[in-house]
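*Asks:* Please find data15.tsv (TSV, C-alpha atoms) on the next line:
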chain	number	residue	atom	x	y	z
A	1	MET	CA	0.00	0.00	0.00
A	2	LYS	CA	2.77	2.42	0.93
A	3	GLY	CA	4.61	1.52	-2.26
A	4	SER	CA	1.54	2.41	-4.36
A	5	ILE	CA	1.13	5.75	-2.57
A	6	ARG	CA	4.78	6.57	-3.21
A	7	LYS	CA	4.40	5.82	-6.91
A	8	VAL	CA	1.34	8.06	-7.17
A	9	PHE	CA	3.07	10.85	-5.24
A	10	PHE	CA	6.16	10.57	-7.45
A	11	SER	CA	4.05	10.74	-10.63
A	12	VAL	CA	2.15	13.80	-9.43
A	13	ASN	CA	5.35	15.52	-8.37
A	14	SER	CA	7.00	14.84	-11.77
A	15	PHE	CA	3.93	16.20	-13.56
A	16	MET	CA	4.00	19.40	-11.46
A	17	VAL	CA	7.72	19.92	-12.11
A	18	SER	CA	7.34	19.47	-15.87
A	19	LYS	CA	4.32	21.75	-15.90
A	20	HIS	CA	6.21	24.40	-13.95
A	21	THR	CA	9.19	24.15	-16.34
A	22	ALA	CA	6.95	24.43	-19.40
A	23	SER	CA	5.12	27.41	-17.90
A	24	GLY	CA	8.40	29.13	-17.12
A	25	LEU	CA	9.67	28.57	-20.61
A	26	PHE	CA	6.42	29.88	-22.10
A	27	LEU	CA	6.57	33.01	-19.93
A	28	HIS	CA	10.19	33.55	-20.89
A	29	LEU	CA	9.35	33.40	-24.57
A	30	ARG	CA	6.36	35.70	-24.09
A	31	SER	CA	8.42	38.36	-22.31
A	32	PRO	CA	8.41	41.80	-24.06
A	33	GLN	CA	12.05	41.58	-25.04
A	34	ASN	CA	11.85	38.10	-26.56
A	35	GLN	CA	8.45	38.75	-28.10
A	36	SER	CA	9.78	41.82	-29.97
A	37	MET	CA	12.70	39.73	-31.24
A	38	TYR	CA	10.29	37.01	-32.32
A	39	ASN	CA	8.08	39.52	-34.14
A	40	HIS	CA	11.13	41.09	-35.79
A	41	LYS	CA	12.18	37.69	-37.17
A	42	ARG	CA	8.67	37.03	-38.43
A	43	LEU	CA	8.51	40.44	-40.05
A	44	PHE	CA	11.87	39.97	-41.74
A	45	SER	CA	11.08	36.49	-43.05
A	46	SER	CA	7.67	37.54	-44.36
A	47	SER	CA	8.91	40.78	-45.95
A	48	VAL	CA	11.75	39.22	-47.99
A	49	PRO	CA	10.45	37.72	-51.25
A	50	LYS	CA	11.45	34.16	-51.93
A	51	LYS	CA	13.05	35.21	-55.21
A	52	ALA	CA	15.39	37.52	-53.33
A	53	LEU	CA	16.76	34.51	-51.45
A	54	GLY	CA	17.72	32.80	-54.71
A	55	SER	CA	21.10	32.72	-56.36
A	56	SER	CA	22.70	35.97	-57.45
A	57	SER	CA	23.26	34.61	-60.94
A	58	SER	CA	19.54	34.67	-61.71
A	59	CYS	CA	19.39	38.32	-60.68
A	60	ASP	CA	22.43	39.14	-62.78
A	61	SER	CA	20.98	37.44	-65.84
A	62	SER	CA	17.68	39.31	-65.54
A	63	ASN	CA	19.50	42.62	-65.15
A	64	ALA	CA	21.72	41.81	-68.09
A	65	GLY	CA	18.63	41.41	-70.24
A	66	ASP	CA	17.44	44.85	-69.22
A	67	ARG	CA	20.74	46.42	-70.29
A	68	ARG	CA	20.38	45.58	-74.00
A	69	LEU	CA	20.88	48.65	-76.17
A	70	PHE	CA	19.08	47.20	-79.19
A	71	GLU	CA	17.30	44.03	-80.30
A	72	GLU	CA	20.07	42.77	-82.58
A	73	GLU	CA	23.30	41.22	-81.31
A	74	ILE	CA	25.78	43.75	-82.71
A	75	ASN	CA	25.65	47.18	-84.34
A	76	ILE	CA	28.15	47.54	-87.19
A	77	ILE	CA	29.25	51.12	-87.88
A	78	TYR	CA	30.33	51.50	-91.50
A	79	ASP	CA	31.06	53.93	-94.31
A	80	SER	CA	28.41	53.55	-97.04
A	81	LYS	CA	30.47	55.63	-99.51
A	82	CYS	CA	33.26	53.07	-99.41
A	83	ASN	CA	32.52	50.54	-102.19
A	84	VAL	CA	34.52	47.77	-100.50
A	85	CYS	CA	32.78	48.36	-97.15
A	86	LYS	CA	29.33	48.59	-98.74
A	87	MET	CA	29.83	45.34	-100.63
A	88	GLU	CA	30.70	43.59	-97.37
A	89	ILE	CA	27.75	45.14	-95.52
A	90	ASP	CA	25.30	44.30	-98.33
A	91	PHE	CA	26.37	40.65	-98.21
A	92	LEU	CA	26.00	40.46	-94.42
A	93	ARG	CA	22.64	42.24	-94.49
A	94	LYS	CA	21.20	39.92	-97.16
A	95	ARG	CA	22.38	36.77	-95.41
A	96	ASP	CA	21.14	37.99	-92.03
A	97	THR	CA	17.72	38.82	-93.49
A	98	LYS	CA	17.55	35.47	-95.27
A	99	LEU	CA	18.36	33.45	-92.13
A	100	ALA	CA	15.89	35.45	-90.05
A	101	ARG	CA	13.14	34.83	-92.60
A	102	GLU	CA	13.87	31.12	-92.99
A	103	HIS	CA	14.08	30.39	-89.26
A	104	LYS	CA	11.47	32.98	-88.24
A	105	LEU	CA	13.89	34.69	-85.88
A	106	ARG	CA	14.90	38.29	-85.31
A	107	ARG	CA	17.84	39.66	-87.25
A	108	LYS	CA	21.23	39.46	-85.55
A	109	LEU	CA	22.93	42.45	-87.20
A	110	LYS	CA	22.22	46.16	-86.92
A	111	PHE	CA	23.88	48.59	-89.31
A	112	THR	CA	24.65	52.27	-88.74
A	113	ASP	CA	25.96	54.43	-91.56
A	114	LEU	CA	28.57	57.07	-90.75
A	115	GLU	CA	27.58	59.07	-93.83
A	116	GLY	CA	23.95	59.32	-92.83
A	117	GLU	CA	22.20	57.39	-95.61
A	118	THR	CA	20.23	55.60	-92.90
A	119	GLY	CA	19.84	58.78	-90.85
A	120	GLU	CA	22.21	61.34	-89.38
A	121	TYR	CA	24.99	59.63	-87.45
A	122	ASP	CA	24.87	60.34	-83.73
A	123	PRO	CA	28.07	59.47	-81.81
A	124	PHE	CA	26.29	60.19	-78.53
A	125	ASP	CA	23.73	57.45	-79.08
A	126	GLN	CA	24.55	54.60	-76.67
A	127	ALA	CA	23.97	52.11	-79.47
A	128	ASN	CA	26.97	53.68	-81.25
A	129	GLY	CA	29.25	53.24	-78.25
A	130	GLY	CA	30.52	56.83	-78.27
A	131	ILE	CA	32.42	56.18	-81.52
A	132	SER	CA	33.15	59.50	-83.24
A	133	TYR	CA	32.96	60.01	-87.00
A	134	LYS	CA	36.76	60.13	-87.18
A	135	GLN	CA	37.17	56.90	-85.21
A	136	GLY	CA	34.58	55.12	-87.31
A	137	MET	CA	36.23	56.25	-90.54
A	138	ALA	CA	39.69	55.25	-89.35
A	139	SER	CA	38.69	51.66	-88.59
A	140	MET	CA	35.65	49.38	-88.71
A	141	HIS	CA	33.81	49.45	-85.37
A	142	ALA	CA	30.94	47.52	-83.85
A	143	VAL	CA	29.01	47.67	-80.58
A	144	THR	CA	27.46	44.64	-78.91
A	145	ALA	CA	23.97	44.71	-77.43
A	146	ASP	CA	25.45	45.01	-73.93
A	147	GLY	CA	27.63	48.00	-74.89
A	148	LYS	CA	31.03	46.43	-75.60
A	149	VAL	CA	32.99	48.12	-78.39
A	150	MET	CA	35.20	46.21	-80.82
A	151	THR	CA	37.28	47.32	-83.76
A	152	GLY	CA	39.20	45.83	-86.66
A	153	VAL	CA	39.25	42.11	-87.50
A	154	PRO	CA	37.12	41.04	-84.47
A	155	VAL	CA	34.20	42.96	-85.99
A	156	PHE	CA	34.23	40.71	-89.06
A	157	ARG	CA	34.79	37.59	-86.97
A	158	VAL	CA	31.75	38.27	-84.77
A	159	ALA	CA	29.57	39.49	-87.66
A	160	TYR	CA	30.21	36.37	-89.75
A	161	GLN	CA	29.67	34.19	-86.71
A	162	GLN	CA	26.22	35.74	-86.24
A	163	VAL	CA	25.21	34.75	-89.77
A	164	GLY	CA	26.52	31.20	-89.53
A	165	LEU	CA	29.85	31.74	-91.29
A	166	GLY	CA	32.13	32.02	-88.29
A	167	TRP	CA	34.41	29.32	-89.67
A	168	LEU	CA	35.69	31.79	-92.28
A	169	PHE	CA	37.36	33.89	-89.58
A	170	SER	CA	37.91	31.24	-86.90
A	171	ILE	CA	41.52	30.86	-88.01
A	172	THR	CA	42.18	34.49	-87.01
A	173	LYS	CA	41.93	33.40	-83.37
A	174	LEU	CA	45.31	31.65	-83.66
A	175	PRO	CA	48.06	33.90	-82.24
A	176	LEU	CA	50.28	34.10	-85.34
A	177	VAL	CA	47.36	34.39	-87.78
A	178	LYS	CA	45.69	36.96	-85.55
A	179	GLN	CA	48.82	39.09	-85.52
A	180	LEU	CA	49.19	38.86	-89.30
A	181	ALA	CA	45.49	39.65	-89.86
A	182	ASP	CA	45.69	42.69	-87.59
A	183	VAL	CA	48.76	44.02	-89.41
A	184	CYS	CA	47.13	43.58	-92.82
A	185	TYR	CA	43.86	45.17	-91.75
A	186	ASN	CA	45.54	48.14	-90.05
A	187	PHE	CA	47.56	48.75	-93.22
A	188	PHE	CA	44.39	48.67	-95.33
A	189	ALA	CA	42.48	50.90	-92.86
A	190	LYS	CA	45.28	53.47	-92.91
A	191	TYR	CA	44.92	54.05	-96.66
A	192	ARG	CA	41.30	52.96	-97.12
A	193	THR	CA	39.79	56.40	-97.62
A	194	ILE	CA	42.45	57.37	-100.17
A	195	VAL	CA	41.97	54.15	-102.16
A	196	THR	CA	38.16	53.89	-101.98
A	197	ARG	CA	37.13	57.55	-101.76
A	198	GLY	CA	40.05	59.50	-103.15
A	199	LYS	CA	40.43	61.62	-100.00
A	200	SER	CA	42.49	61.45	-96.84
A	201	LEU	CA	40.88	60.78	-93.48
A	202	GLU	CA	41.68	64.31	-92.31
A	203	SER	CA	39.97	65.92	-95.31
A	204	LEU	CA	36.86	63.76	-94.86
A	205	VAL	CA	36.67	64.71	-91.18
A	206	GLN	CA	36.99	68.39	-92.12
A	207	ILE	CA	34.17	68.07	-94.67
A	208	TYR	CA	32.04	66.31	-92.07
A	209	GLU	CA	32.61	69.03	-89.47
A	210	GLU	CA	31.85	71.79	-92.01
A	211	LYS	CA	28.64	70.03	-93.02
A	212	LYS	CA	27.56	69.76	-89.39
A	213	LEU	CA	28.22	73.46	-88.87
A	214	LEU	CA	26.24	74.31	-92.00
A	215	ASP	CA	23.32	72.16	-90.85
A	216	GLN	CA	23.31	73.95	-87.50
A	217	GLN	CA	23.27	77.34	-89.23
A	218	LYS	CA	20.33	76.24	-91.38
A	219	MET	CA	18.46	75.19	-88.27
A	220	CYS	CA	19.09	78.64	-86.79
A	221	GLU	CA	17.38	80.23	-89.77
A	222	ASP	CA	14.17	79.12	-88.13
A	223	GLU	CA	12.53	81.95	-86.18
A	224	SER	CA	12.24	79.80	-83.07
A	225	CYS	CA	16.02	79.42	-83.02
A	226	PHE	CA	16.50	83.18	-82.96
A	227	THR	CA	13.94	83.46	-80.19
A	228	GLU	CA	15.76	80.91	-78.07
A	229	THR	CA	19.09	82.66	-78.74
A	230	LYS	CA	17.73	85.98	-77.51
A	231	ARG	CA	16.52	84.35	-74.32
Give the structure from this file in C-alpha coordinates form.

*Replies:*
Amino acid sequence: MKGSIRKVFFSVNSFMVSKHTASGLFLHLRSPQNQSMYNHKRLFSSSVPKKALGSSSSCDSSNAGDRRLFEEEINIIYDSKCNVCKMEIDFLRKRDTKLAREHKLRRKLKFTDLEGETGEYDPFDQANGGISYKQGMASMHAVTADGKVMTGVPVFRVAYQQVGLGWLFSITKLPLVKQLADVCYNFFAKYRTIVTRGKSLESLVQIYEEKKLLDQQKMCEDESCFTETKR
(Lines of atoms letter the chains of each structure in order from A and count residues from 1; the text may use other names and numbers.)
(Lines give C-alpha, C1' and ligand atoms only; values in the text may rest on other atoms or scores of the structure.)
Protein backbone atom coordinates (compact mmCIF):
# COMPACT_ATOMS: atom_id res chain seq x y z
CA MET A 1 0.00 0.00 0.00
CA LYS A 2 2.77 2.42 0.93
CA GLY A 3 4.61 1.52 -2.26
CA SER A 4 1.54 2.41 -4.36
CA ILE A 5 1.13 5.75 -2.57
CA ARG A 6 4.78 6.57 -3.21
CA LYS A 7 4.40 5.82 -6.91
CA VAL A 8 1.34 8.06 -7.17
CA PHE A 9 3.07 10.85 -5.24
CA PHE A 10 6.16 10.57 -7.45
CA SER A 11 4.05 10.74 -10.63
CA VAL A 12 2.15 13.80 -9.43
CA ASN A 13 5.35 15.52 -8.37
CA SER A 14 7.00 14.84 -11.77
CA PHE A 15 3.93 16.20 -13.56
CA MET A 16 4.00 19.40 -11.46
CA VAL A 17 7.72 19.92 -12.11
CA SER A 18 7.34 19.47 -15.87
CA LYS A 19 4.32 21.75 -15.90
CA HIS A 20 6.21 24.40 -13.95
CA THR A 21 9.19 24.15 -16.34
CA ALA A 22 6.95 24.43 -19.40
CA SER A 23 5.12 27.41 -17.90
CA GLY A 24 8.40 29.13 -17.12
CA LEU A 25 9.67 28.57 -20.61
CA PHE A 26 6.42 29.88 -22.10
CA LEU A 27 6.57 33.01 -19.93
CA HIS A 28 10.19 33.55 -20.89
CA LEU A 29 9.35 33.40 -24.57
CA ARG A 30 6.36 35.70 -24.09
CA SER A 31 8.42 38.36 -22.31
CA PRO A 32 8.41 41.80 -24.06
CA GLN A 33 12.05 41.58 -25.04
CA ASN A 34 11.85 38.10 -26.56
CA GLN A 35 8.45 38.75 -28.10
CA SER A 36 9.78 41.82 -29.97
CA MET A 37 12.70 39.73 -31.24
CA TYR A 38 10.29 37.01 -32.32
CA ASN A 39 8.08 39.52 -34.14
CA HIS A 40 11.13 41.09 -35.79
CA LYS A 41 12.18 37.69 -37.17
CA ARG A 42 8.67 37.03 -38.43
CA LEU A 43 8.51 40.44 -40.05
CA PHE A 44 11.87 39.97 -41.74
CA SER A 45 11.08 36.49 -43.05
CA SER A 46 7.67 37.54 -44.36
CA SER A 47 8.91 40.78 -45.95
CA VAL A 48 11.75 39.22 -47.99
CA PRO A 49 10.45 37.72 -51.25
CA LYS A 50 11.45 34.16 -51.93
CA LYS A 51 13.05 35.21 -55.21
CA ALA A 52 15.39 37.52 -53.33
CA LEU A 53 16.76 34.51 -51.45
CA GLY A 54 17.72 32.80 -54.71
CA SER A 55 21.10 32.72 -56.36
CA SER A 56 22.70 35.97 -57.45
CA SER A 57 23.26 34.61 -60.94
CA SER A 58 19.54 34.67 -61.71
CA CYS A 59 19.39 38.32 -60.68
CA ASP A 60 22.43 39.14 -62.78
CA SER A 61 20.98 37.44 -65.84
CA SER A 62 17.68 39.31 -65.54
CA ASN A 63 19.50 42.62 -65.15
CA ALA A 64 21.72 41.81 -68.09
CA GLY A 65 18.63 41.41 -70.24
CA ASP A 66 17.44 44.85 -69.22
CA ARG A 67 20.74 46.42 -70.29
CA ARG A 68 20.38 45.58 -74.00
CA LEU A 69 20.88 48.65 -76.17
CA PHE A 70 19.08 47.20 -79.19
CA GLU A 71 17.30 44.03 -80.30
CA GLU A 72 20.07 42.77 -82.58
CA GLU A 73 23.30 41.22 -81.31
CA ILE A 74 25.78 43.75 -82.71
CA ASN A 75 25.65 47.18 -84.34
CA ILE A 76 28.15 47.54 -87.19
CA ILE A 77 29.25 51.12 -87.88
CA TYR A 78 30.33 51.50 -91.50
CA ASP A 79 31.06 53.93 -94.31
CA SER A 80 28.41 53.55 -97.04
CA LYS A 81 30.47 55.63 -99.51
CA CYS A 82 33.26 53.07 -99.41
CA ASN A 83 32.52 50.54 -102.19
CA VAL A 84 34.52 47.77 -100.50
CA CYS A 85 32.78 48.36 -97.15
CA LYS A 86 29.33 48.59 -98.74
CA MET A 87 29.83 45.34 -100.63
CA GLU A 88 30.70 43.59 -97.37
CA ILE A 89 27.75 45.14 -95.52
CA ASP A 90 25.30 44.30 -98.33
CA PHE A 91 26.37 40.65 -98.21
CA LEU A 92 26.00 40.46 -94.42
CA ARG A 93 22.64 42.24 -94.49
CA LYS A 94 21.20 39.92 -97.16
CA ARG A 95 22.38 36.77 -95.41
CA ASP A 96 21.14 37.99 -92.03
CA THR A 97 17.72 38.82 -93.49
CA LYS A 98 17.55 35.47 -95.27
CA LEU A 99 18.36 33.45 -92.13
CA ALA A 100 15.89 35.45 -90.05
CA ARG A 101 13.14 34.83 -92.60
CA GLU A 102 13.87 31.12 -92.99
CA HIS A 103 14.08 30.39 -89.26
CA LYS A 104 11.47 32.98 -88.24
CA LEU A 105 13.89 34.69 -85.88
CA ARG A 106 14.90 38.29 -85.31
CA ARG A 107 17.84 39.66 -87.25
CA LYS A 108 21.23 39.46 -85.55
CA LEU A 109 22.93 42.45 -87.20
CA LYS A 110 22.22 46.16 -86.92
CA PHE A 111 23.88 48.59 -89.31
CA THR A 112 24.65 52.27 -88.74
CA ASP A 113 25.96 54.43 -91.56
CA LEU A 114 28.57 57.07 -90.75
CA GLU A 115 27.58 59.07 -93.83
CA GLY A 116 23.95 59.32 -92.83
CA GLU A 117 22.20 57.39 -95.61
CA THR A 118 20.23 55.60 -92.90
CA GLY A 119 19.84 58.78 -90.85
CA GLU A 120 22.21 61.34 -89.38
CA TYR A 121 24.99 59.63 -87.45
CA ASP A 122 24.87 60.34 -83.73
CA PRO A 123 28.07 59.47 -81.81
CA PHE A 124 26.29 60.19 -78.53
CA ASP A 125 23.73 57.45 -79.08
CA GLN A 126 24.55 54.60 -76.67
CA ALA A 127 23.97 52.11 -79.47
CA ASN A 128 26.97 53.68 -81.25
CA GLY A 129 29.25 53.24 -78.25
CA GLY A 130 30.52 56.83 -78.27
CA ILE A 131 32.42 56.18 -81.52
CA SER A 132 33.15 59.50 -83.24
CA TYR A 133 32.96 60.01 -87.00
CA LYS A 134 36.76 60.13 -87.18
CA GLN A 135 37.17 56.90 -85.21
CA GLY A 136 34.58 55.12 -87.31
CA MET A 137 36.23 56.25 -90.54
CA ALA A 138 39.69 55.25 -89.35
CA SER A 139 38.69 51.66 -88.59
CA MET A 140 35.65 49.38 -88.71
CA HIS A 141 33.81 49.45 -85.37
CA ALA A 142 30.94 47.52 -83.85
CA VAL A 143 29.01 47.67 -80.58
CA THR A 144 27.46 44.64 -78.91
CA ALA A 145 23.97 44.71 -77.43
CA ASP A 146 25.45 45.01 -73.93
CA GLY A 147 27.63 48.00 -74.89
CA LYS A 148 31.03 46.43 -75.60
CA VAL A 149 32.99 48.12 -78.39
CA MET A 150 35.20 46.21 -80.82
CA THR A 151 37.28 47.32 -83.76
CA GLY A 152 39.20 45.83 -86.66
CA VAL A 153 39.25 42.11 -87.50
CA PRO A 154 37.12 41.04 -84.47
CA VAL A 155 34.20 42.96 -85.99
CA PHE A 156 34.23 40.71 -89.06
CA ARG A 157 34.79 37.59 -86.97
CA VAL A 158 31.75 38.27 -84.77
CA ALA A 159 29.57 39.49 -87.66
CA TYR A 160 30.21 36.37 -89.75
CA GLN A 161 29.67 34.19 -86.71
CA GLN A 162 26.22 35.74 -86.24
CA VAL A 163 25.21 34.75 -89.77
CA GLY A 164 26.52 31.20 -89.53
CA LEU A 165 29.85 31.74 -91.29
CA GLY A 166 32.13 32.02 -88.29
CA TRP A 167 34.41 29.32 -89.67
CA LEU A 168 35.69 31.79 -92.28
CA PHE A 169 37.36 33.89 -89.58
CA SER A 170 37.91 31.24 -86.90
CA ILE A 171 41.52 30.86 -88.01
CA THR A 172 42.18 34.49 -87.01
CA LYS A 173 41.93 33.40 -83.37
CA LEU A 174 45.31 31.65 -83.66
CA PRO A 175 48.06 33.90 -82.24
CA LEU A 176 50.28 34.10 -85.34
CA VAL A 177 47.36 34.39 -87.78
CA LYS A 178 45.69 36.96 -85.55
CA GLN A 179 48.82 39.09 -85.52
CA LEU A 180 49.19 38.86 -89.30
CA ALA A 181 45.49 39.65 -89.86
CA ASP A 182 45.69 42.69 -87.59
CA VAL A 183 48.76 44.02 -89.41
CA CYS A 184 47.13 43.58 -92.82
CA TYR A 185 43.86 45.17 -91.75
CA ASN A 186 45.54 48.14 -90.05
CA PHE A 187 47.56 48.75 -93.22
CA PHE A 188 44.39 48.67 -95.33
CA ALA A 189 42.48 50.90 -92.86
CA LYS A 190 45.28 53.47 -92.91
CA TYR A 191 44.92 54.05 -96.66
CA ARG A 192 41.30 52.96 -97.12
CA THR A 193 39.79 56.40 -97.62
CA ILE A 194 42.45 57.37 -100.17
CA VAL A 195 41.97 54.15 -102.16
CA THR A 196 38.16 53.89 -101.98
CA ARG A 197 37.13 57.55 -101.76
CA GLY A 198 40.05 59.50 -103.15
CA LYS A 199 40.43 61.62 -100.00
CA SER A 200 42.49 61.45 -96.84
CA LEU A 201 40.88 60.78 -93.48
CA GLU A 202 41.68 64.31 -92.31
CA SER A 203 39.97 65.92 -95.31
CA LEU A 204 36.86 63.76 -94.86
CA VAL A 205 36.67 64.71 -91.18
CA GLN A 206 36.99 68.39 -92.12
CA ILE A 207 34.17 68.07 -94.67
CA TYR A 208 32.04 66.31 -92.07
CA GLU A 209 32.61 69.03 -89.47
CA GLU A 210 31.85 71.79 -92.01
CA LYS A 211 28.64 70.03 -93.02
CA LYS A 212 27.56 69.76 -89.39
CA LEU A 213 28.22 73.46 -88.87
CA LEU A 214 26.24 74.31 -92.00
CA ASP A 215 23.32 72.16 -90.85
CA GLN A 216 23.31 73.95 -87.50
CA GLN A 217 23.27 77.34 -89.23
CA LYS A 218 20.33 76.24 -91.38
CA MET A 219 18.46 75.19 -88.27
CA CYS A 220 19.09 78.64 -86.79
CA GLU A 221 17.38 80.23 -89.77
CA ASP A 222 14.17 79.12 -88.13
CA GLU A 223 12.53 81.95 -86.18
CA SER A 224 12.24 79.80 -83.07
CA CYS A 225 16.02 79.42 -83.02
CA PHE A 226 16.50 83.18 -82.96
CA THR A 227 13.94 83.46 -80.19
CA GLU A 228 15.76 80.91 -78.07
CA THR A 229 19.09 82.66 -78.74
CA LYS A 230 17.73 85.98 -77.51
CA ARG A 231 16.52 84.35 -74.32

*Asks:* Report, in Å with one decimal, the straight-line distance from atom CA of A:Leu174 to atom CA of A:Glu73.

*Replies:*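 Distance between the two atoms: 24.1 Å.
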
*Asks:* Using only C-alpha atoms, which of the listed residues (A:Arg192, A:Asp146, A:Glu120, A:Asp182) sits closest to A:Lys211?

*Replies:*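 Counting only C-alpha atoms, the residue closest to A:Lys211 is A:Glu120.
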
*Asks:* Do you have the atom CA of A:Gly147-atom CA of A:Gln162 distance handy?

*Replies:* 16.8 Å

*Asks:* In Å, with one decimal, what is the gap from atom CA of A:Glu210 to atom CA of A:Leu114?

*Replies:*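 Atom CA of A:Leu114 lies 15.1 Å from atom CA of A:Glu210.
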
*Asks:* Pick the closest to A:Lys190 from A:Met150, A:Leu168, A:Val155, A:Ala138: which is it, counting all atoms listed in the file?

*Replies:*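 Distance minimum relative to A:Lys190 lands on A:Ala138.
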
*Asks:* I'd like to know which of A:Leu69, A:Tyr121, A:Val177, A:Asn83 is closest to A:Lys134, using all atoms listed in the file.

*Replies:*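 Going through A:Leu69, A:Tyr121, A:Val177, A:Asn83 one by one, the smallest distance to A:Lys134 is for A:Tyr121.
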